[in-house]
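Enquirer: What follows is input_13.cif, mmCIF, C-alpha atoms.
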```cif
data_model
loop_
_atom_site.label_atom_id
_atom_site.label_comp_id
_atom_site.auth_asym_id
_atom_site.auth_seq_id
_atom_site.Cartn_x
_atom_site.Cartn_y
_atom_site.Cartn_z
CA MET A 1 -31.64 13.15 14.13
CA MET A 2 -29.75 10.21 12.62
CA LYS A 3 -26.99 8.77 14.75
CA GLN A 4 -23.73 10.67 14.57
CA THR A 5 -20.69 8.41 14.54
CA ARG A 6 -17.68 8.86 16.73
CA LEU A 7 -15.65 8.36 13.56
CA PHE A 8 -16.78 11.65 12.09
CA ILE A 9 -16.55 13.56 15.35
CA LEU A 10 -12.93 12.52 15.77
CA THR A 11 -12.06 13.59 12.25
CA ILE A 12 -13.70 16.98 12.79
CA PHE A 13 -11.66 17.47 15.95
CA THR A 14 -8.52 16.44 14.13
CA LEU A 15 -9.10 19.06 11.46
CA LEU A 16 -9.96 21.79 13.97
CA ALA A 17 -6.81 20.96 15.92
CA VAL A 18 -4.73 22.49 13.14
CA GLY A 19 -6.63 25.76 13.33
CA CYS A 20 -3.61 27.59 14.68
CA ASP A 21 -1.80 27.04 11.39
CA ASP A 22 -1.54 30.11 9.22
CA TYR A 23 -3.53 28.63 6.36
CA LEU A 24 -6.70 28.03 8.37
CA GLU A 25 -9.31 30.53 9.47
CA ILE A 26 -11.93 29.31 11.93
CA GLU A 27 -15.24 31.08 12.16
CA PRO A 28 -16.90 31.38 15.60
CA GLU A 29 -19.15 28.36 14.99
CA GLY A 30 -16.02 26.27 14.43
CA LYS A 31 -16.08 25.76 10.67
CA VAL A 32 -12.82 25.61 8.76
CA ILE A 33 -12.98 27.98 5.82
CA PRO A 34 -10.00 27.79 3.45
CA GLU A 35 -10.51 30.06 0.46
CA THR A 36 -7.46 30.04 -1.78
CA LEU A 37 -5.57 27.41 -3.72
CA GLU A 38 -2.69 27.63 -1.26
CA GLU A 39 -5.00 27.14 1.71
CA PHE A 40 -6.68 24.11 0.18
CA ARG A 41 -3.26 22.73 -0.77
CA ALA A 42 -2.36 22.95 2.91
CA VAL A 43 -5.53 21.08 3.84
CA LEU A 44 -4.69 18.24 1.45
CA THR A 45 -1.10 18.20 2.67
CA LYS A 46 -2.54 17.52 6.11
CA GLY A 47 -4.54 14.68 4.56
CA TYR A 48 -1.38 13.17 3.14
CA SER A 49 0.44 13.59 6.44
CA VAL A 50 -2.16 11.72 8.51
CA PHE A 51 -2.29 8.78 6.10
CA PRO A 52 -1.15 5.94 8.39
CA GLN A 53 1.57 3.31 8.05
CA GLN A 54 -0.66 0.24 7.89
CA LYS A 55 1.60 -1.62 5.48
CA SER A 56 4.40 -1.46 8.00
CA ILE A 57 2.28 -2.94 10.77
CA VAL A 58 0.89 -5.92 8.84
CA THR A 59 4.38 -7.04 7.83
CA TYR A 60 4.56 -8.88 11.15
CA ARG A 61 1.56 -10.97 10.06
CA THR A 62 3.56 -12.35 7.12
CA ASP A 63 6.43 -14.79 6.69
CA GLU A 64 9.08 -12.11 6.12
CA LEU A 65 10.24 -11.44 9.70
CA ILE A 66 11.20 -13.09 12.98
CA LEU A 67 10.19 -11.07 16.04
CA ASP A 68 13.09 -10.54 18.43
CA GLU A 69 11.81 -11.63 21.84
CA ASN A 70 14.52 -9.53 23.55
CA SER A 71 13.73 -6.31 21.73
CA PHE A 72 12.31 -3.28 23.49
CA ASP A 73 9.28 -3.34 21.17
CA PHE A 74 8.48 -7.04 21.67
CA PRO A 75 5.20 -6.34 23.55
CA VAL A 76 4.21 -3.83 20.88
CA TYR A 77 4.22 -6.44 18.14
CA LYS A 78 3.64 -9.77 19.92
CA ASP A 79 -0.14 -9.89 19.39
CA ILE A 80 0.27 -8.85 15.77
CA TYR A 81 2.95 -11.49 15.20
CA THR A 82 0.70 -14.20 16.67
CA TRP A 83 -2.45 -13.06 14.80
CA ARG A 84 -4.27 -12.24 18.01
CA ASP A 85 -6.94 -9.80 16.89
CA SER A 86 -9.10 -9.43 20.01
CA ASN A 87 -8.49 -8.78 23.70
CA LEU A 88 -5.21 -7.15 22.78
CA ASP A 89 -2.49 -6.38 25.27
CA ALA A 90 -2.56 -2.71 26.23
CA GLN A 91 0.91 -2.22 24.70
CA THR A 92 -0.03 -3.71 21.32
CA LYS A 93 0.26 -1.34 18.39
CA ARG A 94 -3.20 -0.84 16.91
CA TYR A 95 -4.07 -1.30 13.28
CA PRO A 96 -5.11 1.96 11.67
CA TYR A 97 -8.79 2.57 11.00
CA ILE A 98 -9.93 5.99 12.15
CA GLN A 99 -6.61 7.37 10.87
CA VAL A 100 -7.42 6.29 7.32
CA TYR A 101 -10.82 7.95 7.52
CA ASN A 102 -9.08 11.09 8.79
CA ALA A 103 -7.15 11.21 5.51
CA ILE A 104 -10.41 10.71 3.62
CA PHE A 105 -11.98 13.59 5.56
CA TYR A 106 -9.34 16.04 4.36
CA ALA A 107 -9.69 14.75 0.81
CA ASN A 108 -13.47 15.19 0.98
CA HIS A 109 -13.07 18.75 2.23
CA VAL A 110 -10.96 19.61 -0.81
CA ILE A 111 -13.39 17.84 -3.14
CA GLU A 112 -16.50 19.50 -1.70
CA GLU A 113 -15.28 22.98 -0.85
CA GLY A 114 -12.21 23.38 -3.03
CA THR A 115 -14.19 22.60 -6.15
CA LYS A 116 -16.52 25.51 -5.35
CA ARG A 117 -14.13 28.06 -3.87
CA ILE A 118 -10.87 27.85 -5.85
CA GLU A 119 -10.59 29.78 -9.09
CA GLU A 120 -10.27 27.60 -12.18
CA SER A 121 -6.70 26.73 -13.13
CA GLN A 122 -4.46 23.78 -13.94
CA GLU A 123 -3.27 23.89 -10.35
CA LYS A 124 -6.84 23.59 -9.08
CA SER A 125 -7.46 20.58 -11.33
CA GLN A 126 -4.30 18.94 -10.08
CA LEU A 127 -5.20 19.54 -6.44
CA VAL A 128 -8.75 18.23 -6.69
CA GLY A 129 -7.50 15.28 -8.73
CA GLU A 130 -5.08 14.44 -5.94
CA ALA A 131 -7.94 14.56 -3.44
CA TYR A 132 -9.97 12.04 -5.45
CA ALA A 133 -6.86 9.87 -5.78
CA LEU A 134 -6.11 9.97 -2.05
CA ARG A 135 -9.71 9.05 -1.25
CA ALA A 136 -9.52 6.13 -3.68
CA TYR A 137 -6.24 4.90 -2.21
CA ALA A 138 -7.54 5.14 1.35
CA HIS A 139 -10.71 3.18 0.62
CA PHE A 140 -8.66 0.61 -1.32
CA ASP A 141 -6.35 0.06 1.62
CA LEU A 142 -9.26 -0.16 4.04
CA VAL A 143 -11.09 -2.83 2.05
CA ASN A 144 -7.89 -4.83 1.71
CA LEU A 145 -7.39 -4.80 5.45
CA TYR A 146 -10.94 -5.20 6.78
CA GLY A 147 -12.82 -6.69 3.81
CA LYS A 148 -12.51 -10.11 2.23
CA PRO A 149 -10.09 -10.49 -0.70
CA TYR A 150 -11.78 -9.57 -3.97
CA ASN A 151 -13.59 -12.47 -5.61
CA ALA A 152 -15.78 -11.53 -8.57
CA ALA A 153 -18.18 -14.38 -7.78
CA THR A 154 -18.86 -13.24 -4.20
CA ALA A 155 -17.81 -9.58 -4.02
CA ASN A 156 -21.41 -8.31 -4.14
CA ALA A 157 -22.21 -10.33 -1.03
CA ASP A 158 -18.89 -10.04 0.84
CA SER A 159 -18.85 -7.38 3.54
CA GLY A 160 -16.42 -4.55 2.97
CA VAL A 161 -15.98 -1.25 4.80
CA PRO A 162 -17.95 1.99 5.14
CA LEU A 163 -17.63 4.50 2.32
CA ALA A 164 -17.05 8.10 3.38
CA LEU A 165 -17.89 10.26 0.37
CA GLU A 166 -19.20 13.45 1.92
CA ILE A 167 -18.91 15.60 5.00
CA ASP A 168 -22.19 14.92 6.79
CA LEU A 169 -22.62 15.03 10.56
CA GLU A 170 -25.63 12.73 10.32
CA GLN A 171 -24.05 10.08 8.09
CA VAL A 172 -24.33 6.51 9.35
CA PHE A 173 -21.13 4.63 8.55
CA THR A 174 -22.42 1.21 7.55
CA PRO A 175 -20.14 -1.24 5.73
CA VAL A 176 -21.00 -1.80 2.08
CA SER A 177 -20.03 -4.77 -0.06
CA VAL A 178 -16.51 -5.39 -1.30
CA GLN A 179 -17.80 -4.81 -4.83
CA ALA A 180 -19.29 -1.45 -3.88
CA VAL A 181 -15.98 -0.32 -2.38
CA TYR A 182 -14.04 -1.36 -5.46
CA ASP A 183 -16.60 0.32 -7.73
CA GLN A 184 -16.18 3.57 -5.80
CA VAL A 185 -12.39 3.28 -5.86
CA LEU A 186 -12.47 2.89 -9.64
CA THR A 187 -14.91 5.80 -10.00
CA ASP A 188 -12.61 8.05 -7.96
CA ILE A 189 -9.61 6.88 -9.98
CA GLU A 190 -11.32 7.84 -13.23
CA LYS A 191 -12.24 11.25 -11.81
CA ALA A 192 -8.66 11.75 -10.66
CA LYS A 193 -7.32 10.77 -14.08
CA SER A 194 -9.50 13.43 -15.71
CA LEU A 195 -8.05 16.14 -13.45
CA LEU A 196 -4.42 15.30 -12.74
CA ASN A 197 -1.93 17.05 -15.01
CA VAL A 198 1.43 16.69 -13.24
CA THR A 199 3.41 13.69 -14.46
CA ARG A 200 6.15 13.75 -11.82
CA TYR A 201 6.91 15.73 -8.68
CA GLU A 202 10.49 16.30 -7.62
CA ALA A 203 11.86 14.31 -4.70
CA GLY A 204 10.45 15.76 -1.50
CA LEU A 205 7.10 16.52 -3.10
CA ASN A 206 6.64 13.05 -4.55
CA TYR A 207 4.36 12.04 -1.70
CA ARG A 208 1.63 13.55 -3.90
CA PHE A 209 -0.44 11.79 -6.53
CA THR A 210 0.44 12.38 -10.19
CA LYS A 211 -0.73 11.13 -13.58
CA THR A 212 1.78 8.31 -13.27
CA ALA A 213 0.82 7.42 -9.70
CA ILE A 214 -2.90 7.21 -10.41
CA LEU A 215 -2.21 4.79 -13.26
CA ALA A 216 -0.02 2.75 -10.91
CA LEU A 217 -2.87 2.63 -8.39
CA GLN A 218 -5.30 1.64 -11.12
CA ALA A 219 -2.99 -1.16 -12.23
CA ARG A 220 -2.75 -2.45 -8.65
CA VAL A 221 -6.52 -2.30 -8.14
CA TYR A 222 -7.27 -4.22 -11.34
CA SER A 223 -4.56 -6.77 -10.51
CA TYR A 224 -6.19 -7.40 -7.12
CA MET A 225 -9.50 -7.82 -8.99
CA ASN A 226 -7.86 -10.30 -11.37
CA ASN A 227 -8.93 -8.10 -14.30
CA SER A 228 -5.75 -8.67 -16.26
CA GLU A 229 -6.74 -6.86 -19.43
CA ALA A 230 -7.53 -3.64 -17.58
CA ALA A 231 -4.45 -4.04 -15.39
CA LEU A 232 -2.23 -4.38 -18.45
CA ASP A 233 -3.73 -1.27 -20.05
CA ALA A 234 -3.06 0.75 -16.88
CA VAL A 235 0.47 -0.61 -16.53
CA ASN A 236 1.37 0.18 -20.11
CA SER A 237 -0.02 3.69 -19.78
CA ALA A 238 2.00 4.26 -16.61
CA LEU A 239 5.19 2.90 -18.16
CA THR A 240 4.93 5.39 -21.03
CA LEU A 241 5.36 8.09 -18.37
CA ASN A 242 8.10 6.38 -16.34
CA ASP A 243 9.77 3.07 -17.20
CA ALA A 244 13.13 3.64 -15.46
CA VAL A 245 14.48 0.61 -13.60
CA VAL A 246 17.74 0.77 -11.64
CA ASN A 247 20.32 -1.61 -13.11
CA LEU A 248 22.17 -3.02 -10.12
CA ASN A 249 24.99 -4.17 -12.38
CA ASP A 250 25.80 -0.50 -12.95
CA THR A 251 24.60 1.18 -9.75
CA ALA A 252 24.48 -0.48 -6.35
CA ALA A 253 21.61 1.74 -5.21
CA LEU A 254 18.50 0.62 -3.39
CA PRO A 255 15.62 1.00 -5.85
CA ASN A 256 13.00 1.81 -3.19
CA LEU A 257 14.54 5.12 -2.09
CA TYR A 258 12.23 8.08 -2.49
CA THR A 259 14.96 9.71 -4.61
CA SER A 260 15.29 6.71 -6.95
CA VAL A 261 14.50 7.03 -10.65
CA GLU A 262 12.05 4.21 -10.00
CA SER A 263 10.04 6.20 -7.46
CA ILE A 264 6.54 7.05 -8.64
CA MET A 265 5.03 8.03 -5.30
CA ALA A 266 6.62 8.08 -1.85
CA LEU A 267 3.81 8.65 0.65
CA GLU A 268 4.15 5.78 3.11
CA ASP A 269 6.79 4.52 5.49
CA VAL A 270 6.28 0.86 4.61
CA PHE A 271 8.95 -0.55 6.96
CA ASP A 272 9.43 1.72 9.92
CA SER A 273 12.20 1.87 12.49
CA GLY A 274 10.17 -0.09 15.04
CA LEU A 275 10.06 -3.10 12.73
CA LYS A 276 13.71 -2.81 11.84
CA ASN A 277 14.83 -2.64 15.47
CA SER A 278 12.65 -5.53 16.65
CA SER A 279 13.12 -8.09 13.89
CA THR A 280 15.44 -10.27 11.88
CA ILE A 281 14.76 -11.63 8.42
CA SER A 282 12.99 -14.98 8.31
CA PRO A 283 14.80 -18.03 6.89
CA GLU A 284 11.84 -18.44 4.51
CA LEU A 285 12.49 -15.07 2.92
CA LEU A 286 16.26 -15.51 2.78
CA ALA A 287 15.82 -18.87 1.08
CA VAL A 288 14.18 -17.41 -2.03
CA TYR A 289 17.37 -15.53 -3.02
CA ASP A 290 20.31 -16.78 -5.02
CA THR A 291 22.96 -15.35 -2.71
CA THR A 292 25.64 -15.64 -5.37
CA ASN A 293 23.98 -14.14 -8.42
CA ASP A 294 21.12 -12.01 -7.11
CA LEU A 295 22.50 -8.51 -6.67
CA ARG A 296 19.69 -7.54 -4.30
CA PHE A 297 20.71 -9.86 -1.49
CA GLY A 298 23.70 -7.81 -0.34
CA LEU A 299 21.73 -4.58 -0.72
CA TYR A 300 18.51 -5.62 0.96
CA PHE A 301 20.00 -7.41 3.99
CA THR A 302 22.96 -7.09 6.32
CA GLU A 303 24.39 -9.92 8.42
CA ASP A 304 24.17 -9.39 12.17
CA ASP A 305 25.68 -11.99 14.50
CA GLY A 306 24.48 -14.95 12.48
CA SER A 307 21.14 -13.44 11.52
CA TYR A 308 20.15 -10.91 8.90
CA LYS A 309 18.60 -7.49 9.38
CA ALA A 310 16.77 -5.28 6.90
CA ALA A 311 18.88 -2.75 5.02
CA LYS A 312 16.13 -1.32 2.80
CA GLY A 313 13.89 0.21 5.46
CA GLY A 314 13.73 1.89 8.84
CA GLU A 315 14.45 5.41 7.63
CA GLN A 316 12.26 8.12 6.11
CA GLU A 317 14.25 7.97 2.88
CA PHE A 318 12.60 4.60 2.17
CA LYS A 319 9.07 5.94 1.88
CA CYS A 320 7.60 4.08 -1.08
CA SER A 321 4.02 3.69 -2.27
CA PHE A 322 4.51 2.98 -5.98
CA ARG A 323 7.62 2.33 -8.04
CA VAL A 324 8.40 1.14 -11.55
CA SER A 325 9.54 -2.39 -10.66
CA GLU A 326 6.09 -3.22 -9.30
CA LEU A 327 4.55 -2.09 -12.57
CA VAL A 328 6.87 -4.27 -14.64
CA LEU A 329 6.09 -7.32 -12.51
CA LEU A 330 2.36 -6.58 -12.73
CA LYS A 331 2.77 -6.38 -16.50
CA ALA A 332 4.33 -9.84 -16.65
CA GLU A 333 1.57 -11.18 -14.38
CA ALA A 334 -1.17 -9.75 -16.57
CA GLU A 335 0.44 -11.02 -19.77
CA ALA A 336 0.76 -14.53 -18.35
CA LYS A 337 -2.83 -14.61 -17.12
CA LEU A 338 -4.02 -13.43 -20.55
CA GLY A 339 -2.21 -16.37 -22.17
CA SER A 340 0.70 -14.39 -23.65
CA LEU A 341 3.31 -16.57 -21.98
CA ASN A 342 6.18 -15.64 -24.29
CA ALA A 343 5.50 -11.93 -23.79
CA ALA A 344 5.37 -12.47 -20.02
CA LYS A 345 8.70 -14.30 -20.09
CA SER A 346 10.25 -11.51 -22.13
CA THR A 347 8.95 -8.89 -19.70
CA LEU A 348 10.24 -10.79 -16.69
CA LEU A 349 13.67 -11.47 -18.22
CA GLY A 350 13.98 -7.82 -19.25
CA PHE A 351 13.47 -6.94 -15.61
CA MET A 352 15.76 -9.66 -14.25
CA GLN A 353 18.74 -8.41 -16.24
CA ASN A 354 18.70 -5.41 -13.89
CA ARG A 355 18.82 -7.59 -10.77
CA TYR A 356 21.19 -10.48 -11.50
CA GLN A 357 24.84 -10.76 -12.41
CA SER A 358 25.17 -10.25 -16.16
CA SER A 359 27.26 -13.40 -16.43
CA TYR A 360 24.36 -15.40 -14.95
CA MET A 361 21.70 -14.17 -17.35
CA PRO A 362 22.20 -16.81 -20.11
CA SER A 363 21.54 -19.60 -17.59
CA LEU A 364 18.60 -17.72 -16.10
CA GLU A 365 17.15 -16.99 -19.53
CA ALA A 366 17.29 -20.67 -20.48
CA ALA A 367 15.63 -21.68 -17.23
CA ILE A 368 12.80 -19.14 -17.54
CA ASN A 369 12.11 -19.92 -21.19
CA ASN A 370 11.77 -23.64 -20.39
CA LEU A 371 9.08 -23.09 -17.76
CA ALA A 372 5.52 -24.21 -18.39
CA ALA A 373 2.75 -21.73 -17.61
CA THR A 374 2.06 -22.89 -14.04
CA ASP A 375 5.74 -23.02 -13.11
CA PHE A 376 6.30 -19.63 -14.69
CA MET A 377 3.57 -18.05 -12.54
CA SER A 378 5.17 -19.58 -9.45
CA GLU A 379 8.57 -18.16 -10.41
CA LEU A 380 7.03 -14.78 -11.22
CA TYR A 381 5.40 -14.52 -7.80
CA THR A 382 8.68 -15.57 -6.19
CA GLU A 383 10.51 -12.87 -8.12
CA ARG A 384 7.90 -10.38 -6.96
CA ARG A 385 8.53 -11.57 -3.41
CA ARG A 386 12.27 -10.99 -3.83
CA GLU A 387 11.96 -7.58 -5.41
CA LEU A 388 9.29 -6.09 -3.16
CA ALA A 389 10.45 -7.67 0.11
CA LEU A 390 9.76 -5.52 3.20
CA GLU A 391 7.81 -2.94 1.18
CA GLY A 392 4.39 -3.83 2.60
CA HIS A 393 3.21 -5.97 -0.32
CA ARG A 394 3.56 -9.46 1.13
CA TRP A 395 0.42 -9.52 3.32
CA PHE A 396 -1.74 -8.27 0.47
CA ASP A 397 -0.13 -10.64 -2.03
CA LEU A 398 -0.78 -13.56 0.29
CA ARG A 399 -4.42 -12.50 0.60
CA ARG A 400 -4.98 -12.31 -3.14
CA THR A 401 -3.10 -15.49 -4.07
CA SER A 402 -2.27 -18.52 -1.94
CA GLN A 403 -3.31 -17.56 1.62
CA LEU A 404 -0.75 -20.15 2.67
CA GLU A 405 -0.13 -21.49 6.16
CA ILE A 406 2.36 -19.54 8.28
CA THR A 407 3.80 -20.47 11.65
CA HIS A 408 5.47 -18.17 14.17
CA VAL A 409 7.18 -19.21 17.39
CA VAL A 410 7.18 -17.03 20.52
CA ASN A 411 8.78 -18.13 23.79
CA GLY A 412 8.76 -21.71 22.58
CA GLU A 413 5.06 -21.70 21.71
CA THR A 414 3.99 -22.22 18.09
CA PHE A 415 1.24 -20.10 16.59
CA THR A 416 -0.31 -20.96 13.24
CA LEU A 417 -2.20 -19.01 10.62
CA ILE A 418 -3.75 -21.89 8.70
CA GLU A 419 -4.29 -21.94 4.95
CA ASN A 420 -7.25 -19.70 4.02
CA ASP A 421 -7.53 -18.64 7.64
CA PRO A 422 -10.35 -16.14 8.32
CA ARG A 423 -7.67 -14.01 10.00
CA TYR A 424 -6.38 -13.11 6.55
CA THR A 425 -9.10 -10.47 6.93
CA LEU A 426 -8.67 -8.18 9.93
CA ARG A 427 -11.44 -7.62 12.45
CA PHE A 428 -12.58 -4.06 12.79
CA PRO A 429 -10.74 -2.53 15.78
CA GLU A 430 -12.57 -2.93 19.07
CA ASP A 431 -12.72 0.81 19.70
CA ALA A 432 -14.19 1.34 16.23
CA ILE A 433 -16.91 -1.24 16.94
CA LEU A 434 -17.61 0.37 20.30
CA ASN A 435 -18.03 3.77 18.72
CA ASN A 436 -19.96 2.52 15.68
CA PRO A 437 -22.21 -0.50 16.28
CA GLU A 438 -22.95 -0.59 12.55
CA LEU A 439 -19.58 -2.29 11.99
#
```
Let me see the file written as structure tokens.
Expert:
Amino acid sequence: MMKQTRLFILTIFTLLAVGCDDYLEIEPEGKVIPETLEEFRAVLTKGYSVFPQQKSIVTYRTDELILDENSFDFPVYKDIYTWRDSNLDAQTKRYPYIQVYNAIFYANHVIEEGTKRIEESQEKSQLVGEAYALRAYAHFDLVNLYGKPYNAATANADSGVPLALEIDLEQVFTPVSVQAVYDQVLTDIEKAKSLLNVTRYEAGLNYRFTKTAILALQARVYSYMNNSEAALDAVNSALTLNDAVVNLNDTAALPNLYTSVESIMALEDVFDSGLKNSSTISPELLAVYDTTNDLRFGLYFTEDDGSYKAAKGGEQEFKCSFRVSELVLLKAEAEAKLGSLNAAKSTLLGFMQNRYQSSYMPSLEAAINNLAATDFMSELYTERRRELALEGHRWFDLRRTSQLEITHVVNGETFTLIENDPRYTLRFPEDAILNNPEL
């Protein structure tokens, strides 16, 4: 018999642990046998619910936060904050790995069994489409944590992560190349697009994938691949379904709320209460805002005894996986990279009018229109940094762009993540390596 991995065994146990729920029926040999649409919907809901909060954890690896050495959670985040990825303190919060594969397991169960057992309907197509989408998103996150940043010249040789595409007790989970992971992600996205038929779920159900959300994921994937033409096509398709951007001149409402008109999908808690309670905002992040004219500054941050704390996270209402502002900024990025600088400037300025004092826009418009291509890209990435601050994007943006040097100070000792540091790619967790020597 081929070697069974601990990874799969743990996911099986996780699924069987919910056997007491009404929607599951366990046969004597321990197999989970959902039969109806409602039962398979409950299985996928479990898959959504176990999807971990990795974007929240890696925020401490970036230049957005200062770790409070006096906070209760200081030992939980210290090793993460100092980029210590081996021989971790017992109290250190672990990066998710098995948890992501747990979500994939539930998605695979719906794909394999739901496809065969559920009667044909629009609802079935939507459900199975969501399963393909969740599997794509999970593999995409995994490769962007534990695989090298995508580089078309080296992706076929760069080591990625294992693909989990079927429920097989004898499967050996061996990492495949970064290119192979991205190819599978794109294949799953296309399958999901062919099945999904719901454009928008109401708030409370918008943790689920939709036609709009899968296009947003596709746009993000192609942007990370630096395939600007494909990214622009996906962005434009998504924006035909939802192009609503909150105008902060009219409504002083945080745009990353799960109830916002900008919300496309609200699955993840991207800045949890642990981060909020143990951190202040870094001077580097504060410095990129125009505190007079940028309407986000007073919404995103609150002053606290000479420092600033996050105001846009730490509560469940801030769950946010995809929203319209990211799409608009990806559109400007793609246009600029394709050489359509004037179009990119127009896209960016159209967005900025929703974020800056109206009286300041003529000056801002003149400044943006006078920028050469290189300076415009720098300003665009800075605007992206302002808009998406504390939403789990910064680590991944650093990986795919500058991989700049970052320093953190703890108890008077300076720790440095050097430019292009190998630690921009996470090591597989030690327990995962122990349980699967193929890693």
Enquirer: Leaving out range 158-160 of chain A and any residue of its chain fewer than 2 positions from it, which residues lie within 7 Å of it when counting only C-alpha atoms, given as a PyMOL selection string?
Expert: chain A and resi 143+146-148+154-156+175-178+181
Enquirer: For Glu120 in chain A, which of A:Asp272, A:His393, A:Thr36, A:Leu248 is the closest residue, counting all atoms listed in the file?
Expert: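 Smallest distance to Glu120 in chain A is found for A:Thr36.
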Enquirer: Separation of CA of Tyr424 in chain A and CA of Ser307 in chain A, in Å?
Expert: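 Result for CA of Tyr424 in chain A versus CA of Ser307 in chain A: 28.0 Å, one decimal.
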Enquirer: What is the CA of Arg423 in chain A to CA of Gln403 in chain A distance in Å?
Expert: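 Interatomic distance, CA of Arg423 in chain A to CA of Gln403 in chain A: 10.1 Å.
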Enquirer: Would you give me, as JSON lines, each residue of range 285-363 of chain A having an atom within 12 Å of an atom of range 195-206 of chain A, along with its shortest atom pair and that distance in Å to one decimal, using only C-alpha atoms and sorting by chain and residue number?
Expert:
```
{"residue": "A:Gln316", "atom": "CA", "partner": "A:Gly204", "partner_atom": "CA", "distance": 10.9}
{"residue": "A:Glu317", "atom": "CA", "partner": "A:Gly204", "partner_atom": "CA", "distance": 9.7}
{"residue": "A:Phe318", "atom": "CA", "partner": "A:Ala203", "partner_atom": "CA", "distance": 11.9}
{"residue": "A:Lys319", "atom": "CA", "partner": "A:Asn206", "partner_atom": "CA", "distance": 9.9}
{"residue": "A:Cys320", "atom": "CA", "partner": "A:Asn206", "partner_atom": "CA", "distance": 9.7}
{"residue": "A:Ser321", "atom": "CA", "partner": "A:Asn206", "partner_atom": "CA", "distance": 10.0}
{"residue": "A:Phe322", "atom": "CA", "partner": "A:Asn206", "partner_atom": "CA", "distance": 10.4}
{"residue": "A:Arg323", "atom": "CA", "partner": "A:Asn206", "partner_atom": "CA", "distance": 11.3}
```
Enquirer: I need the residue set behind the PyMOL selection byres ((chain A and resi 126-135) around 6) for this file; please write it as number ranges by chain.
Expert: A: 104, 107, 111, 123-125, 136-138, 188-189, 192, 195-197, 209
Enquirer: Residues within 9 Å of range 426-439 of chain A, please, as a list in words. Count only C-alpha atoms; anything in the same chain fewer than 6 positions from it doesn't count.
Expert: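 The neighbour list is Thr5, Arg6, Leu7, Asp85, Ser86, Asn87, Arg94, Tyr95, Pro96, Tyr97, Ile98, Asn144, Leu145, Tyr146, Gly147, Lys148, Val161, Pro162, Val172, Phe173, Thr174 and Pro175 of chain A.
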Enquirer: What's the separation between CA of Tyr106 in chain A and CA of Gln218 in chain A, in Å to one decimal place?
Expert: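 That distance, rounded to one decimal, is 21.5 Å.
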Enquirer: Give me, as an MDAnalysis selection string, all polymer residues having an atom no more than 12 Å from Asn342 in chain A, counting only C-alpha atoms and skipping those fewer than 2 positions away in the same chain.
Expert: chainID A and resid 332:333 335:340 344:349 368:373 376
Enquirer: Give the answer as one residue: which of A:Gly274, A:Ala216, A:Ser358, A:Glu391 has the shortest atom-to-atom distance to Asn236 in chain A, using only C-alpha atoms?
Expert: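 That would be A:Ala216, the residue with the smallest distance to Asn236 in chain A.
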Enquirer: As a VMD selection string, please: the residues near Arg384 in chain A (cut-off 9 Å, all atoms listed in the file, same-chain neighbours under 3 positions excluded).
Expert: chain A and resid 325 to 326 329 to 330 379 to 381 387 to 389
Enquirer: Can you tell me which residues surround range 241-244 of chain A at a distance of at most 7 Å, considering all atoms listed in the file, apart from same-chain residues fewer than 2 positions away, and format the answer as a PDB file with C-alpha atoms, in the frame of the given file?
Expert:
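out-v1.pdb was written with the following content:
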```
ATOM      1  CA  THR A 212       1.780   8.310 -13.270  1.00  0.00           C
ATOM      2  CA  ALA A 238       2.000   4.260 -16.610  1.00  0.00           C
ATOM      3  CA  LEU A 239       5.190   2.900 -18.160  1.00  0.00           C
ATOM      4  CA  VAL A 246      17.740   0.770 -11.640  1.00  0.00           C
ATOM      5  CA  VAL A 261      14.500   7.030 -10.650  1.00  0.00           C
ATOM      6  CA  GLU A 262      12.050   4.210 -10.000  1.00  0.00           C
ATOM      7  CA  VAL A 324       8.400   1.140 -11.550  1.00  0.00           C
TER       8      VAL A 324
END
```
Enquirer: Run the PyMOL selection byres ((chain A and resi 47) around 8) on the file and write out the hits as number ranges by chain.
Expert: A: 43-46, 48-51, 102-107
Enquirer: Please write as a ChimeraX atom specification the full residue list that the PyMOL selection byres ((chain A and resi 250) around 12) yields on this file.
Expert: /A:245-249,251-253,295,353-358
Enquirer: Pick the closest to Gln54 in chain A from A:Thr187, A:Asn108, A:Thr92, A:Gln99: which is it, counting only C-alpha atoms?
Expert: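 Using only C-alpha atoms, Gln54 in chain A sits closest to A:Gln99.
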